[in-house]
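K.L.:
File model-v5.cif below, mmCIF, C-alpha atoms:
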```cif
data_protein
#
loop_
_atom_site.label_atom_id
_atom_site.label_comp_id
_atom_site.auth_asym_id
_atom_site.auth_seq_id
_atom_site.Cartn_x
_atom_site.Cartn_y
_atom_site.Cartn_z
CA MET A 1 0.00 0.00 0.00
CA GLU A 2 2.94 2.30 0.51
CA VAL A 3 3.81 1.83 -3.17
CA LEU A 4 0.25 2.75 -4.16
CA ARG A 5 0.24 5.75 -1.87
CA ASP A 6 3.54 6.92 -3.35
CA ASN A 7 2.17 6.48 -6.85
CA TYR A 8 -1.10 8.14 -6.04
CA THR A 9 0.25 11.11 -4.09
CA PRO A 10 1.23 12.99 -7.26
CA LEU A 11 -2.30 12.43 -8.50
CA ILE A 12 -3.82 13.87 -5.35
CA ASP A 13 -1.33 16.74 -5.18
CA HIS A 14 -0.89 16.97 -8.91
CA PRO A 15 0.09 20.34 -10.32
CA LYS A 16 -2.69 21.94 -12.28
CA LYS A 17 -2.05 22.17 -15.98
CA PRO A 18 -0.75 25.73 -16.43
CA THR A 19 -2.76 28.13 -18.54
CA PRO A 20 -0.63 30.02 -21.07
CA PRO A 21 -0.91 33.80 -20.96
CA SER A 22 -3.19 35.34 -23.53
CA GLU A 23 -1.79 37.05 -26.64
CA GLN A 24 -2.37 40.41 -24.99
CA GLN A 25 -0.42 39.30 -21.92
CA TRP A 26 2.48 38.14 -24.11
CA ARG A 27 2.40 41.51 -25.93
CA ASP A 28 2.45 43.33 -22.59
CA ILE A 29 5.46 41.29 -21.54
CA ASP A 30 7.29 42.04 -24.77
CA ILE A 31 6.48 45.75 -24.60
CA THR A 32 7.49 46.05 -20.96
CA VAL A 33 10.76 44.20 -21.43
CA THR A 34 11.66 46.46 -24.36
CA HIS A 35 10.45 49.48 -22.45
CA THR A 36 12.79 48.65 -19.58
CA LEU A 37 15.75 48.73 -21.95
CA ILE A 38 14.75 52.15 -23.30
CA GLU A 39 15.41 54.74 -20.63
CA THR A 40 15.36 57.87 -22.82
CA GLU A 41 13.74 59.24 -25.93
CA GLU A 42 17.18 59.32 -27.54
CA GLU A 43 17.46 55.56 -27.14
CA ALA A 44 14.01 55.18 -28.63
CA GLU A 45 15.06 57.17 -31.69
CA GLU A 46 17.55 54.46 -32.53
CA LEU A 47 14.62 52.12 -33.16
CA ASP A 48 12.87 51.92 -36.50
CA ASP A 49 10.24 54.69 -36.66
CA SER A 50 7.66 52.10 -37.73
CA SER A 51 8.07 50.23 -34.43
CA PRO A 52 4.78 50.09 -32.48
CA LEU A 53 6.84 50.53 -29.33
CA ILE A 54 7.88 54.14 -30.08
CA LYS A 55 4.55 55.77 -29.35
CA TYR A 56 4.05 53.66 -26.26
CA VAL A 57 7.49 54.58 -24.91
CA GLU A 58 7.10 58.32 -25.60
CA GLU A 59 3.70 58.56 -23.98
CA ASP A 60 4.52 56.50 -20.95
CA ASN A 61 8.03 57.73 -20.10
CA ALA A 62 6.76 60.90 -18.51
CA GLU A 63 4.43 59.08 -16.12
CA GLN A 64 6.48 56.05 -15.20
CA THR A 65 9.84 56.29 -13.52
CA ALA A 66 12.69 54.03 -14.45
CA ARG A 67 12.37 52.31 -11.09
CA GLU A 68 8.71 51.54 -11.69
CA ARG A 69 9.49 50.24 -15.15
CA VAL A 70 12.15 47.93 -13.79
CA ARG A 71 9.74 46.71 -11.12
CA ASP A 72 6.96 46.02 -13.65
CA SER A 73 9.35 44.36 -16.03
CA PHE A 74 10.67 42.12 -13.30
CA GLU A 75 7.13 41.09 -12.31
CA LEU A 76 6.15 40.22 -15.85
CA LYS A 77 9.39 38.35 -16.43
CA ARG A 78 8.69 36.42 -13.25
CA ARG A 79 5.24 35.47 -14.53
CA GLN A 80 6.68 34.41 -17.84
CA ALA A 81 9.30 32.24 -16.17
CA THR A 82 6.70 30.79 -13.78
CA TYR A 83 4.54 29.72 -16.69
CA TYR A 84 7.39 27.99 -18.52
CA LEU A 85 8.59 26.24 -15.36
CA ALA A 86 5.05 25.14 -14.49
CA ALA A 87 4.56 23.78 -17.98
CA LEU A 88 7.84 21.87 -17.75
CA ARG A 89 7.00 20.51 -14.30
CA TYR A 90 3.58 19.39 -15.47
CA ARG A 91 5.03 17.48 -18.39
CA LEU A 92 7.82 15.84 -16.37
CA ALA A 93 5.92 15.19 -13.13
CA ASP A 94 4.61 11.73 -12.31
CA SER A 95 1.12 13.17 -12.34
CA ALA A 96 1.11 13.90 -16.06
CA GLU A 97 -1.38 12.08 -18.28
CA GLY A 98 0.62 8.85 -18.51
CA ALA A 99 0.88 8.34 -14.74
CA SER A 100 -2.77 9.30 -14.27
CA SER A 101 -3.81 6.65 -16.78
CA TYR A 102 -1.65 4.02 -15.08
CA THR A 103 -3.02 4.88 -11.64
CA GLU A 104 -6.59 4.78 -12.94
CA THR A 105 -6.05 1.35 -14.46
CA LEU A 106 -4.53 0.09 -11.22
CA LEU A 107 -7.35 1.37 -9.01
CA LEU A 108 -10.03 -0.05 -11.30
CA ASP A 109 -8.45 -3.49 -11.43
CA PRO A 110 -11.06 -5.81 -9.78
CA GLU A 111 -8.54 -7.80 -7.76
CA PHE A 112 -6.66 -4.74 -6.58
CA GLY A 113 -9.88 -2.78 -6.01
CA ALA A 114 -11.06 -5.46 -3.62
CA LYS A 115 -8.00 -4.96 -1.42
CA HIS A 116 -7.02 -1.31 -1.23
CA PRO A 117 -10.28 -0.12 0.45
CA ILE A 118 -9.47 -2.45 3.33
CA LEU A 119 -5.70 -1.99 3.49
CA ASP A 120 -5.78 1.78 3.02
CA PRO A 121 -9.34 3.18 3.17
CA GLY A 122 -8.00 6.73 3.32
CA LEU A 123 -7.00 6.44 -0.33
CA GLY A 124 -10.63 6.19 -1.43
CA ILE A 125 -11.53 9.22 0.68
CA ASP A 126 -8.81 11.22 -1.05
CA ILE A 127 -10.25 10.27 -4.43
CA ILE A 128 -13.78 11.24 -3.34
CA LEU A 129 -12.56 14.66 -2.25
CA ASP A 130 -10.26 15.37 -5.20
CA THR A 131 -12.46 17.31 -7.62
CA ASP A 132 -9.45 18.27 -9.77
CA LEU A 133 -9.12 14.86 -11.36
CA ASP A 134 -9.95 15.94 -14.91
CA GLY A 135 -10.86 12.96 -17.04
CA PHE A 136 -10.15 10.53 -14.18
CA ARG A 137 -12.85 7.89 -13.61
CA ARG A 138 -13.44 9.08 -10.07
CA ARG A 139 -17.04 7.89 -10.04
CA ASP A 140 -16.09 4.33 -11.05
CA VAL A 141 -13.33 4.14 -8.44
CA THR A 142 -15.73 5.44 -5.77
CA HIS A 143 -18.32 2.81 -6.71
CA GLN A 144 -15.80 -0.02 -6.48
CA TYR A 145 -14.54 1.42 -3.20
CA LEU A 146 -17.99 1.60 -1.55
CA THR A 147 -18.97 -1.83 -2.86
CA THR A 148 -15.89 -3.40 -1.29
CA LEU A 149 -16.45 -1.59 2.01
CA LEU A 150 -20.06 -2.82 2.23
CA ARG A 151 -19.08 -6.40 1.45
CA GLU A 152 -16.27 -6.44 4.00
CA GLU A 153 -17.65 -6.80 7.53
CA ASN A 154 -16.17 -4.34 10.06
CA SER A 155 -14.72 -2.17 7.30
CA LEU A 156 -14.41 1.59 7.65
CA LEU A 157 -18.00 2.02 6.43
CA TYR A 158 -19.34 -0.17 9.23
CA GLN A 159 -17.25 1.59 11.83
CA GLU A 160 -18.23 5.09 10.78
CA ILE A 161 -21.96 4.41 10.53
CA SER A 162 -21.85 2.81 13.97
CA ASN A 163 -20.07 5.92 15.28
CA ASN A 164 -22.39 8.37 13.54
CA MET A 165 -25.64 7.82 15.41
CA SER A 166 -25.50 11.08 17.40
CA MET A 167 -28.28 13.48 16.50
CA ASP A 168 -27.99 17.16 15.66
CA GLY A 169 -31.51 18.22 16.61
CA ILE A 170 -34.52 15.90 16.49
CA TYR A 171 -34.25 14.17 13.12
CA ARG A 172 -30.81 15.08 11.78
CA TYR A 173 -27.64 13.08 12.30
CA ARG A 174 -24.49 14.93 13.16
CA VAL A 175 -22.01 14.08 10.39
CA ASP A 176 -18.90 14.07 12.51
CA PRO A 177 -15.71 15.26 10.74
CA ASP A 178 -13.89 12.45 12.55
CA ASN A 179 -15.91 10.04 10.41
CA ARG A 180 -13.90 10.98 7.36
CA LEU A 181 -15.72 8.86 4.78
CA LEU A 182 -19.23 9.96 5.74
CA HIS A 183 -18.05 13.54 6.10
CA ALA A 184 -16.43 13.43 2.66
CA LEU A 185 -19.68 12.22 1.10
CA PHE A 186 -22.33 14.06 3.11
CA SER A 187 -20.85 17.30 4.45
CA ASP A 188 -21.75 18.49 0.94
CA CYS A 189 -24.40 16.12 -0.42
CA SER A 190 -23.93 17.44 -3.93
CA ARG A 191 -20.70 15.44 -3.89
CA ALA A 192 -22.62 12.24 -3.11
CA GLU A 193 -25.08 13.18 -5.86
CA GLU A 194 -22.28 13.81 -8.37
CA LEU A 195 -20.65 10.45 -7.60
CA ASP A 196 -23.96 8.53 -7.46
CA ALA A 197 -22.92 7.23 -4.05
CA TYR A 198 -26.32 5.57 -3.65
CA LYS A 199 -25.74 3.12 -6.51
CA PRO A 200 -22.92 0.86 -5.22
CA VAL A 201 -24.57 0.61 -1.79
CA GLY A 202 -28.10 0.03 -3.10
CA ASP A 203 -27.06 -2.37 -5.87
CA THR A 204 -24.87 -4.40 -3.53
CA ALA A 205 -27.66 -4.68 -0.94
CA LYS A 206 -30.10 -5.90 -3.61
CA GLU A 207 -27.56 -8.41 -4.88
CA MET A 208 -27.11 -9.75 -1.36
CA LEU A 209 -30.88 -10.13 -0.95
CA ARG A 210 -31.22 -11.96 -4.28
CA ASP A 211 -28.35 -14.23 -3.25
CA GLN A 212 -30.10 -15.00 0.04
CA GLY A 213 -33.22 -15.98 -1.88
CA THR A 214 -31.31 -18.73 -3.72
CA LYS A 215 -29.97 -20.41 -0.57
CA ASP A 216 -31.49 -23.40 1.19
CA TYR A 217 -30.94 -21.60 4.47
CA ASP A 218 -31.65 -17.88 4.69
CA LYS A 219 -30.06 -16.51 7.85
CA TYR A 220 -32.34 -13.47 7.82
CA ASN A 221 -35.35 -15.68 8.61
CA ALA A 222 -33.70 -16.29 11.98
CA GLN A 223 -33.22 -13.79 14.82
CA ARG A 224 -29.52 -13.03 14.65
CA LEU A 225 -30.08 -9.26 14.75
CA THR A 226 -32.93 -9.31 17.29
CA SER A 227 -31.89 -11.94 19.79
CA VAL A 228 -31.93 -10.78 23.40
CA ASN A 229 -28.67 -12.65 23.83
CA ARG A 230 -26.85 -10.20 21.59
CA SER A 231 -25.88 -6.61 22.26
CA LYS A 232 -27.92 -3.84 20.65
CA ASP A 233 -24.88 -2.82 18.62
CA TYR A 234 -24.70 -6.19 16.90
CA VAL A 235 -26.89 -4.91 14.04
CA PHE A 236 -23.97 -2.72 12.96
CA ASN A 237 -22.20 -5.90 11.86
CA ASP A 238 -24.82 -6.59 9.22
CA PRO A 239 -24.37 -5.29 5.64
CA LEU A 240 -28.09 -4.81 4.96
CA PHE A 241 -28.54 -2.77 8.12
CA ILE A 242 -25.47 -0.73 7.15
CA ALA A 243 -26.94 -0.11 3.68
CA ILE A 244 -30.27 0.99 5.18
CA SER A 245 -28.46 3.31 7.60
CA PHE A 246 -26.32 4.72 4.79
CA PHE A 247 -29.42 5.85 2.90
CA ASP A 248 -30.97 7.17 6.10
CA ILE A 249 -28.01 9.42 6.89
CA MET A 250 -27.63 10.52 3.27
CA VAL A 251 -31.27 11.42 2.59
CA ARG A 252 -31.79 13.22 5.90
CA GLU A 253 -28.71 15.33 5.30
CA ALA A 254 -29.80 16.02 1.72
CA PHE A 255 -33.13 17.31 3.08
CA TYR A 256 -31.43 19.77 5.40
CA GLN A 257 -28.99 20.87 2.70
CA ARG A 258 -31.96 21.54 0.37
CA ILE A 259 -30.78 19.08 -2.27
CA ASP A 260 -33.59 19.11 -4.82
CA TRP A 261 -33.22 15.46 -5.78
CA HIS A 262 -34.48 12.12 -4.47
CA MET A 263 -30.99 10.66 -3.78
CA TRP A 264 -32.47 7.36 -5.01
CA LEU A 265 -34.40 6.55 -1.85
CA TYR A 266 -36.32 4.24 -4.22
CA TYR A 267 -33.86 1.56 -3.15
CA TYR A 268 -35.89 1.19 0.06
CA GLU A 269 -38.87 0.08 -2.02
CA SER A 270 -36.96 -2.48 -4.08
CA MET A 271 -35.14 -3.79 -1.00
CA THR A 272 -38.48 -4.19 0.80
CA ARG A 273 -39.91 -6.20 -2.10
CA LEU A 274 -36.93 -8.55 -2.09
CA MET A 275 -37.21 -9.02 1.67
CA CYS A 276 -40.90 -9.86 1.34
CA GLU A 277 -40.07 -12.42 -1.37
CA ASN A 278 -37.47 -14.05 0.89
CA TYR A 279 -39.55 -13.93 4.07
CA GLU A 280 -40.54 -17.29 5.56
CA ASN A 281 -41.68 -18.53 8.93
CA THR A 282 -39.10 -21.10 10.00
CA GLU A 283 -38.20 -22.91 13.17
CA GLU A 284 -36.02 -19.94 14.07
CA THR A 285 -38.83 -17.42 13.58
CA ASP A 286 -40.78 -16.19 16.60
CA PRO A 287 -44.24 -15.05 15.41
CA ASP A 288 -45.05 -13.59 18.82
CA SER A 289 -41.99 -11.36 18.92
CA GLU A 290 -41.98 -7.67 17.97
CA TRP A 291 -39.57 -8.66 15.20
CA PRO A 292 -40.24 -12.30 14.31
CA ASN A 293 -37.04 -12.49 12.31
CA ASP A 294 -34.29 -10.27 10.92
CA TYR A 295 -36.23 -9.33 7.81
CA SER A 296 -38.98 -7.87 9.96
CA ARG A 297 -36.37 -5.87 11.88
CA LEU A 298 -34.83 -4.48 8.69
CA MET A 299 -38.21 -3.53 7.23
CA TYR A 300 -39.12 -1.86 10.50
CA GLU A 301 -35.95 0.25 10.22
CA MET A 302 -36.83 1.40 6.71
CA ILE A 303 -40.43 2.25 7.61
CA SER A 304 -39.28 4.09 10.72
CA ASN A 305 -36.74 6.06 8.71
CA MET A 306 -39.36 6.96 6.11
CA GLY A 307 -41.62 8.22 8.87
CA ASP A 308 -38.87 10.50 10.13
CA LEU A 309 -38.27 11.79 6.59
CA LEU A 310 -41.95 12.72 6.30
CA ARG A 311 -41.75 14.50 9.63
CA ILE A 312 -38.68 16.41 8.44
CA MET A 313 -40.60 17.43 5.32
CA GLU A 314 -43.60 18.44 7.41
CA GLN A 315 -41.39 20.55 9.64
CA LEU A 316 -39.79 22.29 6.67
CA VAL A 317 -43.20 22.97 5.11
CA LYS A 318 -44.53 24.46 8.35
CA ASN A 319 -41.49 26.72 8.49
CA ASP A 320 -42.13 27.79 4.88
CA GLU A 321 -38.76 26.34 3.94
CA TYR A 322 -40.10 23.78 1.50
CA ASP A 323 -42.99 23.56 -0.98
CA VAL A 324 -44.67 20.19 -1.55
CA LYS A 325 -47.64 21.39 -3.58
CA ASP A 326 -48.30 19.78 -6.94
CA GLU A 327 -49.01 21.68 -10.15
CA ASP A 328 -52.58 22.36 -9.00
CA GLY A 329 -51.47 23.65 -5.63
CA ASP A 330 -52.71 20.57 -3.73
CA PHE A 331 -51.01 18.55 -1.00
CA ASP A 332 -52.78 15.27 -1.86
CA GLU A 333 -49.68 13.44 -3.09
CA PHE A 334 -47.66 14.45 -0.06
CA ILE A 335 -50.46 13.48 2.35
CA ALA A 336 -50.76 10.09 0.63
CA GLN A 337 -47.13 9.40 1.43
CA ASN A 338 -48.00 9.28 5.11
CA ARG A 339 -49.42 5.81 4.36
CA ILE A 340 -46.10 4.55 3.02
CA GLY A 341 -45.55 2.23 5.97
CA GLU A 342 -49.01 0.74 5.53
CA ILE A 343 -48.58 0.44 1.76
CA GLU A 344 -45.22 -1.30 1.91
CA VAL A 345 -46.23 -3.76 4.64
CA GLU A 346 -49.58 -4.83 3.13
CA PRO A 347 -48.05 -7.35 0.66
CA PHE A 348 -45.94 -8.75 3.45
CA LEU A 349 -48.84 -9.11 5.91
CA SER A 350 -51.07 -10.72 3.30
CA ARG A 351 -48.63 -13.64 3.06
CA GLN A 352 -48.63 -14.39 6.78
#
```
Written as structure tokens, how would this file's structure read?

P.N.:
Amino acid sequence: MEVLRDNYTPLIDHPKKPTPPSEQQWRDIDITVTHTLIETEEEAEELDDSSPLIKYVEEDNAEQTARERVRDSFELKRRQATYYLAALRYRLADSAEGASSYTETLLLDPEFGAKHPILDPGLGIDIILDTDLDGFRRRDVTHQYLTTLLREENSLLYQEISNNMSMDGIYRYRVDPDNRLLHALFSDCSRAEELDAYKPVGDTAKEMLRDQGTKDYDKYNAQRLTSVNRSKDYVFNDPLFIAISFFDIMVREAFYQRIDWHMWLYYYESMTRLMCENYENTEETDPDSEWPNDYSRLMYEMISNMGDLLRIMEQLVKNDEYDVKDEDGDFDEFIAQNRIGEIEVEPFLSRQ
């Protein structure tokens, strides 16, 4: 990982491609340099009368002292030299296009991508935050990174979500800067929107649920997550619970940051359908319990979270901070959403 970090550091701290001065700036440099060499009108007379510099020199000599001209010339020479040096450094540095392409290929390699998020999770955070990666497949690397973190129990994603349950007010989580991954994604939710951070988490959770449906034994029809013999924090070891919590933190924060986009909360609906398809009463199910099995616990979490989101919306509407009227000025669609818990659970209850 030290080799990767050494190879990636130039990409994170890469010099920006220098912008060449405009034609007018080059002309100003040329004029000023020549001007500095011409201290008197007599010296100017030695130039060809057709020179465009003559008029400039004659008009400006009276207002600008030799010292000022030297100062201005030095500054423009410095800028000229800075540009050429920056251009040379950009071409010779390890962060030029060739190294960027190599690093991109390395990070997107499936085998390597399955290891670096665990061995050095800070690398993925750096990529998420580096908005200067022109042409770099930052979104693809982020997706592979989050997928690996969700599949690896006790990864950084698990740890940070477990440590990010403190509330900032009634319904809002406090996105602690110490939780670097969540803070990188959600301190500015437009970054999570840009990177489609929902997709790797939602897709991986759905894939896990489909995989469970093909097994002879589905562990979620037992009470691993709800057993009284386990600590309350045990749920933070489960990838589906982590995925549900990820969306909960993301969407709540998007509400408060006034992100005018759904952040793909639709994944709750598709995850609920897959859970209902997998749900069975087995010997390990307790029908008399509040949560007969783990699927019932996970669906409860999603419905509870949705209820809080509606209450957040209601609070914002009351404070005139949000408008939920439809084109006709009615609230019917919003009011109907208050039945979301009932709507989602009906297919599930009908099977019991």

K.L.:
Would you mind reading off the distance between atom CA of A:Tyr295 and atom CA of A:Pro117, one decimal, in Å?

P.N.:
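Pair atom CA of A:Tyr295 / atom CA of A:Pro117 returns 28.5 Å.
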
K.L.:
On this structure, the PyMOL selection byres ((chain A and resi 250) around 12) would catch which residues? List them as a short mmCIF file (atom, residue, chain, number, x, y, z; two decimals) with C-alpha atoms, keeping the file's coordinate frame, sorted by chain and number.

P.N.:
```cif
data_model
loop_
_atom_site.label_atom_id
_atom_site.label_comp_id
_atom_site.auth_asym_id
_atom_site.auth_seq_id
_atom_site.Cartn_x
_atom_site.Cartn_y
_atom_site.Cartn_z
CA ILE A 161 -21.96 4.41 10.53
CA ASN A 164 -22.39 8.37 13.54
CA ARG A 172 -30.81 15.08 11.78
CA TYR A 173 -27.64 13.08 12.30
CA ARG A 174 -24.49 14.93 13.16
CA VAL A 175 -22.01 14.08 10.39
CA LEU A 182 -19.23 9.96 5.74
CA HIS A 183 -18.05 13.54 6.10
CA ALA A 184 -16.43 13.43 2.66
CA LEU A 185 -19.68 12.22 1.10
CA PHE A 186 -22.33 14.06 3.11
CA SER A 187 -20.85 17.30 4.45
CA ASP A 188 -21.75 18.49 0.94
CA CYS A 189 -24.40 16.12 -0.42
CA SER A 190 -23.93 17.44 -3.93
CA ARG A 191 -20.70 15.44 -3.89
CA ALA A 192 -22.62 12.24 -3.11
CA GLU A 193 -25.08 13.18 -5.86
CA ASP A 196 -23.96 8.53 -7.46
CA ALA A 197 -22.92 7.23 -4.05
CA TYR A 198 -26.32 5.57 -3.65
CA VAL A 201 -24.57 0.61 -1.79
CA ALA A 243 -26.94 -0.11 3.68
CA ILE A 244 -30.27 0.99 5.18
CA SER A 245 -28.46 3.31 7.60
CA PHE A 246 -26.32 4.72 4.79
CA PHE A 247 -29.42 5.85 2.90
CA ASP A 248 -30.97 7.17 6.10
CA ILE A 249 -28.01 9.42 6.89
CA VAL A 251 -31.27 11.42 2.59
CA ARG A 252 -31.79 13.22 5.90
CA GLU A 253 -28.71 15.33 5.30
CA ALA A 254 -29.80 16.02 1.72
CA PHE A 255 -33.13 17.31 3.08
CA TYR A 256 -31.43 19.77 5.40
CA GLN A 257 -28.99 20.87 2.70
CA ILE A 259 -30.78 19.08 -2.27
CA TRP A 261 -33.22 15.46 -5.78
CA HIS A 262 -34.48 12.12 -4.47
CA MET A 263 -30.99 10.66 -3.78
CA TRP A 264 -32.47 7.36 -5.01
CA LEU A 265 -34.40 6.55 -1.85
CA ASN A 305 -36.74 6.06 8.71
CA LEU A 309 -38.27 11.79 6.59
#
```

K.L.:
Given the file shown, enumerate the residues that the PyMOL selection byres ((chain A and resi 209-216) around 8) captures and present them as a ChimeraX atom specification.

P.N.:
/A:205-208,217-219,271,274-275,277-278

K.L.:
For a quick check of understanding, using only C-alpha atoms, which of A:Pro239, A:Met165, A:Ser231, A:Arg71 has the smallest distance to A:Thr147?

P.N.:
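Using only C-alpha atoms, the shortest distance to A:Thr147 belongs to A:Pro239.
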
K.L.:
Would you compute the distance between atom CA of A:Gly202 and atom CA of A:Ile127? Give it in Å to one decimal.

P.N.:
20.6 Å

K.L.:
Tell me which of A:Asn293, A:Arg138, A:Gly169, A:Thr282 sits closest to A:Asp126, counting all atoms listed in the file.

P.N.:
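Looking only at the distances to A:Asp126, the closest residue turns out to be A:Arg138.
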
K.L.:
Could you check the closest approach to A:Leu240 for each of A:Leu195, A:Cys276, A:Asp109, A:Glu153 and tell me which residue wins, using all atoms listed in the file?

P.N.:
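Of the candidates, the smallest distance to A:Leu240 is held by A:Glu153.
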
K.L.:
Tell me, in Å to one decimal, how far atom CA of A:Tyr234 is from atom CA of A:Glu301.

P.N.:
14.6 Å

K.L.:
Given the choices A:Asp130, A:Glu280, A:Asp260, A:Glu152, which gets closest to A:Ala114 if the distance is worked out from all atoms listed in the file?

P.N.:
A:Glu152

K.L.:
Given only C-alpha atoms as the basis, pick out the residue of A:Asp140, A:Glu194, A:Glu314, A:Asp120 nearest to A:Thr105.

P.N.:
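Checking each of A:Asp140, A:Glu194, A:Glu314, A:Asp120 against A:Thr105, counting only C-alpha atoms, the winner is A:Asp140.
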
K.L.:
Report, as JSON, the centre and edge lengths in Å (one decimal) of the axis-aligned box enclosing every listed atom of stretch 159-176 of chain A, padded by 5 Å on each side.

P.N.:
```
{"center_x": -25.9, "center_y": 9.9, "center_z": 13.9, "size_x": 27.3, "size_y": 26.6, "size_z": 17.0}
```

K.L.:
For A:Thr285, which residue out of A:Ile312, A:Leu108, A:Met302, A:Ala222 is the nearest one, using only C-alpha atoms?

P.N.:
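Ranked by minimum distance to A:Thr285, first place goes to A:Ala222.
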
K.L.:
So which residues get picked by the PyMOL selection byres ((chain A and resi 121) around 12) here, written as a PDB file with C-alpha atoms, keeping the file's coordinate frame?

P.N.:
```
ATOM      1  CA  MET A   1       0.000   0.000   0.000  1.00  0.00           C
ATOM      2  CA  ARG A   5       0.240   5.750  -1.870  1.00  0.00           C
ATOM      3  CA  GLY A 113      -9.880  -2.780  -6.010  1.00  0.00           C
ATOM      4  CA  ALA A 114     -11.060  -5.460  -3.620  1.00  0.00           C
ATOM      5  CA  LYS A 115      -8.000  -4.960  -1.420  1.00  0.00           C
ATOM      6  CA  HIS A 116      -7.020  -1.310  -1.230  1.00  0.00           C
ATOM      7  CA  PRO A 117     -10.280  -0.120   0.450  1.00  0.00           C
ATOM      8  CA  ILE A 118      -9.470  -2.450   3.330  1.00  0.00           C
ATOM      9  CA  LEU A 119      -5.700  -1.990   3.490  1.00  0.00           C
ATOM     10  CA  ASP A 120      -5.780   1.780   3.020  1.00  0.00           C
ATOM     11  CA  GLY A 122      -8.000   6.730   3.320  1.00  0.00           C
ATOM     12  CA  LEU A 123      -7.000   6.440  -0.330  1.00  0.00           C
ATOM     13  CA  GLY A 124     -10.630   6.190  -1.430  1.00  0.00           C
ATOM     14  CA  ILE A 125     -11.530   9.220   0.680  1.00  0.00           C
ATOM     15  CA  ASP A 126      -8.810  11.220  -1.050  1.00  0.00           C
ATOM     16  CA  ILE A 127     -10.250  10.270  -4.430  1.00  0.00           C
ATOM     17  CA  ILE A 128     -13.780  11.240  -3.340  1.00  0.00           C
ATOM     18  CA  THR A 142     -15.730   5.440  -5.770  1.00  0.00           C
ATOM     19  CA  TYR A 145     -14.540   1.420  -3.200  1.00  0.00           C
ATOM     20  CA  LEU A 146     -17.990   1.600  -1.550  1.00  0.00           C
ATOM     21  CA  THR A 148     -15.890  -3.400  -1.290  1.00  0.00           C
ATOM     22  CA  LEU A 149     -16.450  -1.590   2.010  1.00  0.00           C
ATOM     23  CA  GLU A 152     -16.270  -6.440   4.000  1.00  0.00           C
ATOM     24  CA  SER A 155     -14.720  -2.170   7.300  1.00  0.00           C
ATOM     25  CA  LEU A 156     -14.410   1.590   7.650  1.00  0.00           C
ATOM     26  CA  LEU A 157     -18.000   2.020   6.430  1.00  0.00           C
ATOM     27  CA  GLN A 159     -17.250   1.590  11.830  1.00  0.00           C
ATOM     28  CA  GLU A 160     -18.230   5.090  10.780  1.00  0.00           C
ATOM     29  CA  ASN A 179     -15.910  10.040  10.410  1.00  0.00           C
ATOM     30  CA  ARG A 180     -13.900  10.980   7.360  1.00  0.00           C
ATOM     31  CA  LEU A 181     -15.720   8.860   4.780  1.00  0.00           C
TER      32      LEU A 181
END
```
